[in-house]
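Visitor: Below is structure04.pdb; it holds PDB, C-alpha atoms.
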ATOM      1  CA  MET A  18     126.773 142.045 160.277
ATOM      2  CA  ARG A  19     125.300 138.771 161.315
ATOM      3  CA  LEU A  20     126.302 135.526 159.682
ATOM      4  CA  GLU A  21     122.869 135.042 158.080
ATOM      5  CA  GLN A  22     123.180 138.386 156.315
ATOM      6  CA  CYS A  23     126.731 137.675 155.097
ATOM      7  CA  LEU A  24     126.046 134.282 153.501
ATOM      8  CA  PRO A  25     124.151 135.533 150.406
ATOM      9  CA  LEU A  26     126.814 138.168 149.826
ATOM     10  CA  LEU A  27     129.553 135.552 150.157
ATOM     11  CA  GLY A  28     127.751 133.239 147.705
ATOM     12  CA  LEU A  29     127.386 136.045 145.167
ATOM     13  CA  LEU A  30     131.051 136.913 145.548
ATOM     14  CA  LEU A  31     132.102 133.285 145.015
ATOM     15  CA  CYS A  32     129.957 133.060 141.874
ATOM     16  CA  ALA A  33     131.503 136.248 140.481
ATOM     17  CA  VAL A  34     135.047 135.052 141.198
ATOM     18  CA  GLY A  35     134.289 131.613 139.733
ATOM     19  CA  THR A  36     132.935 133.004 136.470
ATOM     20  CA  THR A  37     135.863 135.398 136.190
ATOM     21  CA  ALA A  38     138.279 132.518 136.706
ATOM     22  CA  GLN A  39     136.514 130.470 134.049
ATOM     23  CA  GLN A  40     136.627 133.334 131.577
ATOM     24  CA  ALA A  41     140.346 133.826 132.163
ATOM     25  CA  GLU A  42     141.089 130.367 130.786
ATOM     26  CA  GLU A  43     141.380 130.543 127.018
ATOM     27  CA  PRO A  44     139.736 127.495 125.474
ATOM     28  CA  GLU A  45     141.435 126.108 122.388
ATOM     29  CA  GLY A  46     138.116 125.656 120.633
ATOM     30  CA  GLU A  47     135.229 123.283 120.621
ATOM     31  CA  PHE A  48     133.741 121.003 118.034
ATOM     32  CA  LEU A  49     130.344 121.974 116.698
ATOM     33  CA  VAL A  50     128.125 118.910 116.219
ATOM     34  CA  GLU A  51     124.840 119.169 114.317
ATOM     35  CA  ILE A  52     122.435 116.238 114.010
ATOM     36  CA  SER A  53     119.607 116.135 111.487
ATOM     37  CA  GLY A  54     117.886 112.818 110.831
ATOM     38  CA  THR A  55     120.699 110.297 110.303
ATOM     39  CA  THR A  56     123.205 112.925 109.117
ATOM     40  CA  VAL A  57     125.849 114.159 111.577
ATOM     41  CA  THR A  58     127.877 117.274 110.701
ATOM     42  CA  ILE A  59     131.002 118.028 112.745
ATOM     43  CA  THR A  60     132.878 121.337 112.477
ATOM     44  CA  CYS A  61     136.537 121.345 113.487
ATOM     45  CA  PRO A  62     137.681 124.116 115.863
ATOM     46  CA  LEU A  63     140.764 124.809 113.690
ATOM     47  CA  ASP A  64     140.500 127.767 111.287
ATOM     48  CA  ALA A  65     142.310 126.321 108.296
ATOM     49  CA  GLU A  66     141.380 124.743 104.984
ATOM     50  CA  ASP A  67     143.845 121.836 104.875
ATOM     51  CA  ILE A  68     142.392 119.770 107.725
ATOM     52  CA  ARG A  69     143.000 116.064 108.067
ATOM     53  CA  TRP A  70     140.091 114.029 109.484
ATOM     54  CA  GLU A  71     140.354 110.606 111.110
ATOM     55  CA  LEU A  72     137.299 108.532 111.943
ATOM     56  CA  SER A  73     138.015 105.605 114.302
ATOM     57  CA  GLY A  74     141.664 105.526 113.195
ATOM     58  CA  LYS A  75     140.950 105.665 109.426
ATOM     59  CA  LEU A  76     142.098 108.708 107.461
ATOM     60  CA  GLN A  77     139.205 110.365 105.601
ATOM     61  CA  ASP A  78     139.503 111.958 102.159
ATOM     62  CA  THR A  79     137.912 115.336 102.998
ATOM     63  CA  LYS A  80     140.097 118.394 103.701
ATOM     64  CA  GLU A  81     137.297 120.818 104.599
ATOM     65  CA  ARG A  82     136.536 122.253 108.021
ATOM     66  CA  LYS A  83     133.147 120.482 108.132
ATOM     67  CA  PHE A  84     132.986 116.707 108.160
ATOM     68  CA  ILE A  85     129.663 115.103 107.249
ATOM     69  CA  ILE A  86     128.720 111.551 108.215
ATOM     70  CA  GLN A  87     125.788 110.337 106.123
ATOM     71  CA  ASP A  88     123.552 107.516 107.455
ATOM     72  CA  HIS A  89     125.212 107.366 110.862
ATOM     73  CA  ASP A  90     124.222 104.204 112.743
ATOM     74  CA  SER A  91     124.444 105.655 116.305
ATOM     75  CA  SER A  92     127.576 103.673 117.097
ATOM     76  CA  PRO A  93     130.240 105.468 119.156
ATOM     77  CA  ALA A  94     133.254 106.714 117.209
ATOM     78  CA  ASN A  95     136.570 108.434 117.895
ATOM     79  CA  LEU A  96     137.011 111.418 115.617
ATOM     80  CA  SER A  97     139.959 113.766 115.230
ATOM     81  CA  CYS A  98     140.868 116.737 113.074
ATOM     82  CA  SER A  99     144.398 118.033 112.710
ATOM     83  CA  LEU A 100     146.620 120.428 110.770
ATOM     84  CA  GLY A 101     149.345 118.067 109.668
ATOM     85  CA  ASP A 102     151.177 116.954 112.792
ATOM     86  CA  LYS A 103     150.950 120.302 114.614
ATOM     87  CA  LYS A 104     147.566 120.578 116.306
ATOM     88  CA  LYS A 105     145.223 117.666 116.825
ATOM     89  CA  HIS A 106     141.748 117.912 118.335
ATOM     90  CA  GLN A 107     139.968 114.718 119.353
ATOM     91  CA  LEU A 108     136.267 114.039 119.871
ATOM     92  CA  TYR A 109     134.428 110.989 121.183
ATOM     93  CA  LEU A 110     131.177 110.969 119.231
ATOM     94  CA  LYS A 111     128.211 109.153 120.734
ATOM     95  CA  ALA A 112     125.262 110.580 118.829
ATOM     96  CA  LYS A 113     121.839 108.955 118.795
ATOM     97  CA  VAL A 114     120.218 109.466 115.400
ATOM     98  CA  CYS A 115     116.713 108.702 114.203
ATOM     99  CA  ALA A 116     115.393 108.638 110.640
ATOM    100  CA  ALA A 117     111.737 109.384 111.497
ATOM    101  CA  CYS A 118     112.269 111.881 114.340
ATOM    102  CA  GLU A 119     110.940 115.429 114.279
ATOM    103  CA  GLU A 120     112.900 118.361 115.650
ATOM    104  CA  LEU A 121     111.080 120.710 118.014
ATOM    105  CA  ASP A 122     112.266 124.188 118.818
ATOM    106  CA  ALA A 123     111.985 125.680 122.288
ATOM    107  CA  LEU A 124     108.938 127.804 121.411
ATOM    108  CA  THR A 125     106.939 124.751 120.297
ATOM    109  CA  VAL A 126     107.795 122.836 123.476
ATOM    110  CA  ALA A 127     106.868 125.854 125.637
ATOM    111  CA  GLY A 128     103.554 126.154 123.758
ATOM    112  CA  ILE A 129     102.728 122.483 124.314
ATOM    113  CA  ILE A 130     103.477 122.718 128.044
ATOM    114  CA  THR A 131     101.445 125.949 128.384
ATOM    115  CA  ALA A 132      98.453 124.445 126.543
ATOM    116  CA  ASP A 133      98.598 121.349 128.749
ATOM    117  CA  LEU A 134      98.625 123.472 131.912
ATOM    118  CA  LEU A 135      95.683 125.579 130.692
ATOM    119  CA  ILE A 136      93.623 122.485 129.808
ATOM    120  CA  THR A 137      94.397 120.948 133.214
ATOM    121  CA  LEU A 138      93.404 124.170 134.960
ATOM    122  CA  GLY A 139      90.153 124.286 132.962
ATOM    123  CA  VAL A 140      89.251 120.713 133.947
ATOM    124  CA  LEU A 141      90.082 121.529 137.564
ATOM    125  CA  ILE A 142      87.767 124.558 137.544
ATOM    126  CA  LEU A 143      84.936 122.558 135.903
ATOM    127  CA  VAL A 144      85.206 119.789 138.504
ATOM    128  CA  TYR A 145      85.245 122.362 141.309
ATOM    129  CA  TYR A 146      82.088 124.127 140.115
ATOM    130  CA  PHE A 147      80.167 120.918 139.402
ATOM    131  CA  CYS A 148      81.041 119.484 142.831
ATOM    132  CA  LYS A 149      80.321 122.748 144.625
ATOM    133  CA  GLY A 150      76.562 122.488 143.941
ATOM    134  CA  ARG A 151      76.316 118.898 145.225
ATOM    135  CA  LYS A 152      77.541 119.723 148.720
ATOM    136  CA  GLY A 153      74.108 120.100 150.438
ATOM    137  CA  ARG A 154      72.338 117.197 148.734
ATOM    138  CA  ALA A 155      71.720 113.896 150.509
ATOM    139  CA  SER A 156      73.529 110.890 149.116
ATOM    140  CA  SER A 157      71.506 108.307 147.204
ATOM    141  CA  ALA A 158      72.983 105.387 149.131
ATOM    142  CA  GLY A 159      71.056 104.259 152.199
ATOM    143  CA  ASP A 160      72.650 105.668 155.308
ATOM    144  CA  SER A 161      71.937 104.060 158.666
ATOM    145  CA  ARG A 162      72.954 107.145 160.672
ATOM    146  CA  PRO A 163      70.280 109.565 161.748
ATOM    147  CA  ARG A 164      70.549 112.952 160.016
ATOM    148  CA  GLY A 165      69.549 115.033 163.023
ATOM    149  CA  GLN A 166      71.977 116.018 165.708
ATOM    150  CA  LYS A 167      75.285 114.266 165.755
ATOM    151  CA  MET A 168      75.226 111.510 168.288
ATOM    152  CA  GLN A 169      77.964 111.534 170.879
ATOM    153  CA  ARG A 170      80.193 108.524 170.966
ATOM    154  CA  PRO A 171      80.870 106.825 174.262
ATOM    155  CA  PRO A 172      84.451 106.989 175.533
ATOM    156  CA  PRO A 173      86.720 104.204 174.272
ATOM    157  CA  VAL A 174      87.069 101.061 176.331
ATOM    158  CA  PRO A 175      90.326 101.272 178.285
ATOM    159  CA  ASN A 176      92.984  98.717 177.426
ATOM    160  CA  PRO A 177      94.006  96.720 180.537
ATOM    161  CA  ASP A 178      97.609  96.539 179.290
ATOM    162  CA  TYR A 179      97.967 100.278 179.775
ATOM    163  CA  GLU A 180      96.348 100.714 183.150
ATOM    164  CA  PRO A 181      98.247 102.905 185.613
ATOM    165  CA  ILE A 182     100.289 101.111 188.245
ATOM    166  CA  ARG A 183      98.429 100.991 191.541
ATOM    167  CA  LYS A 184     100.219 101.423 194.839
ATOM    168  CA  GLY A 185      99.903  97.815 195.864
ATOM    169  CA  GLN A 186     101.216  96.367 192.594
ATOM    170  CA  ARG A 187     104.630  98.072 192.343
ATOM    171  CA  GLU A 188     106.551  94.915 193.326
ATOM    172  CA  VAL A 189     105.467  93.223 190.074
ATOM    173  CA  TYR A 190     107.392  95.807 188.087
ATOM    174  CA  ALA A 191     110.324  96.171 190.482
ATOM    175  CA  GLY A 192     112.474  93.770 188.440
ATOM    176  CA  LEU A 193     112.409  96.135 185.451
ATOM    177  CA  ALA A 194     114.610  98.759 187.120
ATOM    178  CA  PRO A 195     118.100  99.218 185.623
ATOM    179  CA  ARG A 196     120.767  97.224 187.379
ATOM    180  CA  ALA A 197     124.089  98.609 188.527
ATOM    181  CA  ILE A 198     127.128  96.893 186.999
TER
END
Will you turn the file into structure tokens for me?

Guide:
Amino acid sequence: MRLEQCLPLLGLLLCAVGTTAQQAEEPEGEFLVEISGTTVTITCPLDAEDIRWELSGKLQDTKERKFIIQDHDSSPANLSCSLGDKKKHQLYLKAKVCAACEELDALTVAGIITADLLITLGVLILVYYFCKGRKGRASSAGDSRPRGQKMQRPPPVPNPDYEPIRKGQREVYAGLAPRAI
């Protein structure tokens, strides 16, 4: 096979090996962070009921798996959940919250983008059809050119700086030749 034909196959093989290697690693668990308004809910990856939460170094009084921060002020915080002294999971929380923000799902965003594209296409078609009929009409501005046959332009005036070198004038340019060192 030629090299051009082997490259896509090699890329596909590397992707398959890379995803298999990533799946082989067993992740310990991930935090689940949910943001709604100014409320931030964090779920610890540990599956126990007696969980100890620390927020920026201060021990919190909740022992549940979910930790809720009411009226979060968008300031960064270090958060950790642990089972006694055995397992400790840490999270750097930098969540931007907004009291008056609206949440949009993916279907709403796709609908807005589709509607915008359809409106733009409609305006484009309207402009095309309205301008198509005006093609043969004369313009209203006064035009000094005659509308009959196109007049031929005379050839451009030659620039004396770019005239070809004549046989008798070669000595003027002889000093421009490269010099041997």

Visitor: Give as a list in words every residue, naming chains and numbers as the document does, that has an atom within 12 Å of (144.1, 112.4, 107.6), counting only C-alpha atoms.

Guide: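 Taken together, the residues in range are Asp67, Ile68, Arg69, Trp70, Glu71, Leu72, Ser73, Gly74, Lys75, Leu76, Gln77, Asp78, Thr79, Lys80, Glu81, Phe84, Leu96, Ser97, Cys98, Ser99, Leu100, Gly101, Asp102 and Lys105 of chain A.
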
Visitor: Nearest to Pro62 (chain A) among A:His89, A:Lys167, A:Lys113, A:Lys104, with distances taken over all atoms listed in the file: which residue is it?

Guide: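 Smallest separation from Pro62 (chain A) among the options: A:Lys104.
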
Visitor: Selection in question (the file shown): the PyMOL selection byres ((chain A and resi 109) around 9). Which residues does it include, as a PyMOL selection string?

Guide: chain A and resi 93-97+107-108+110-111

Visitor: From the options A:His106, A:Cys148, A:Ile86, A:Asp178, which residue's atoms come nearest to Cys61 (chain A), counting all atoms listed in the file?

Guide: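 For Cys61 (chain A), the nearest of the given residues is A:His106.
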
Visitor: Could you tell me which of A:Gly46, A:Thr137, A:Ala132, A:Glu51 comes closest to Asp64 (chain A) if we count only C-alpha atoms?

Guide: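 Answer, going by the shortest atom-to-atom distance: A:Gly46.
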
Visitor: Using all atoms listed in the file, can you tell me which of A:Ser91, A:Gln169, A:Thr55, A:Thr60 comes closest to Ala112 (chain A)?

Guide: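 Among A:Ser91, A:Gln169, A:Thr55, A:Thr60, it is A:Ser91 that comes nearest to Ala112 (chain A).
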
Visitor: One decimal, Å: what's the distance from CA of Lys103 (chain A) over to CA of Leu63 (chain A), could you say?

Guide: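 Interatomic distance here is 11.2 Å.
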
Visitor: When you draw a straight line from CA of Gln87 (chain A) to CA of Thr56 (chain A), how long is it in Å?

Guide: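 Taking CA of Gln87 (chain A) as the start and CA of Thr56 (chain A) as the end point, the length is 4.7 Å.
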
Visitor: Kindly indicate which residue among A:Ile85, A:Ile136, A:Ala123, A:Ala116 lies nearest to Leu49 (chain A), using only C-alpha atoms for the distances.

Guide: A:Ile85

Visitor: CA of Phe48 (chain A) to CA of Val114 (chain A): how many Å, to one decimal?

Guide: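 Taking CA of Phe48 (chain A) as the start and CA of Val114 (chain A) as the end point, the length is 18.0 Å.
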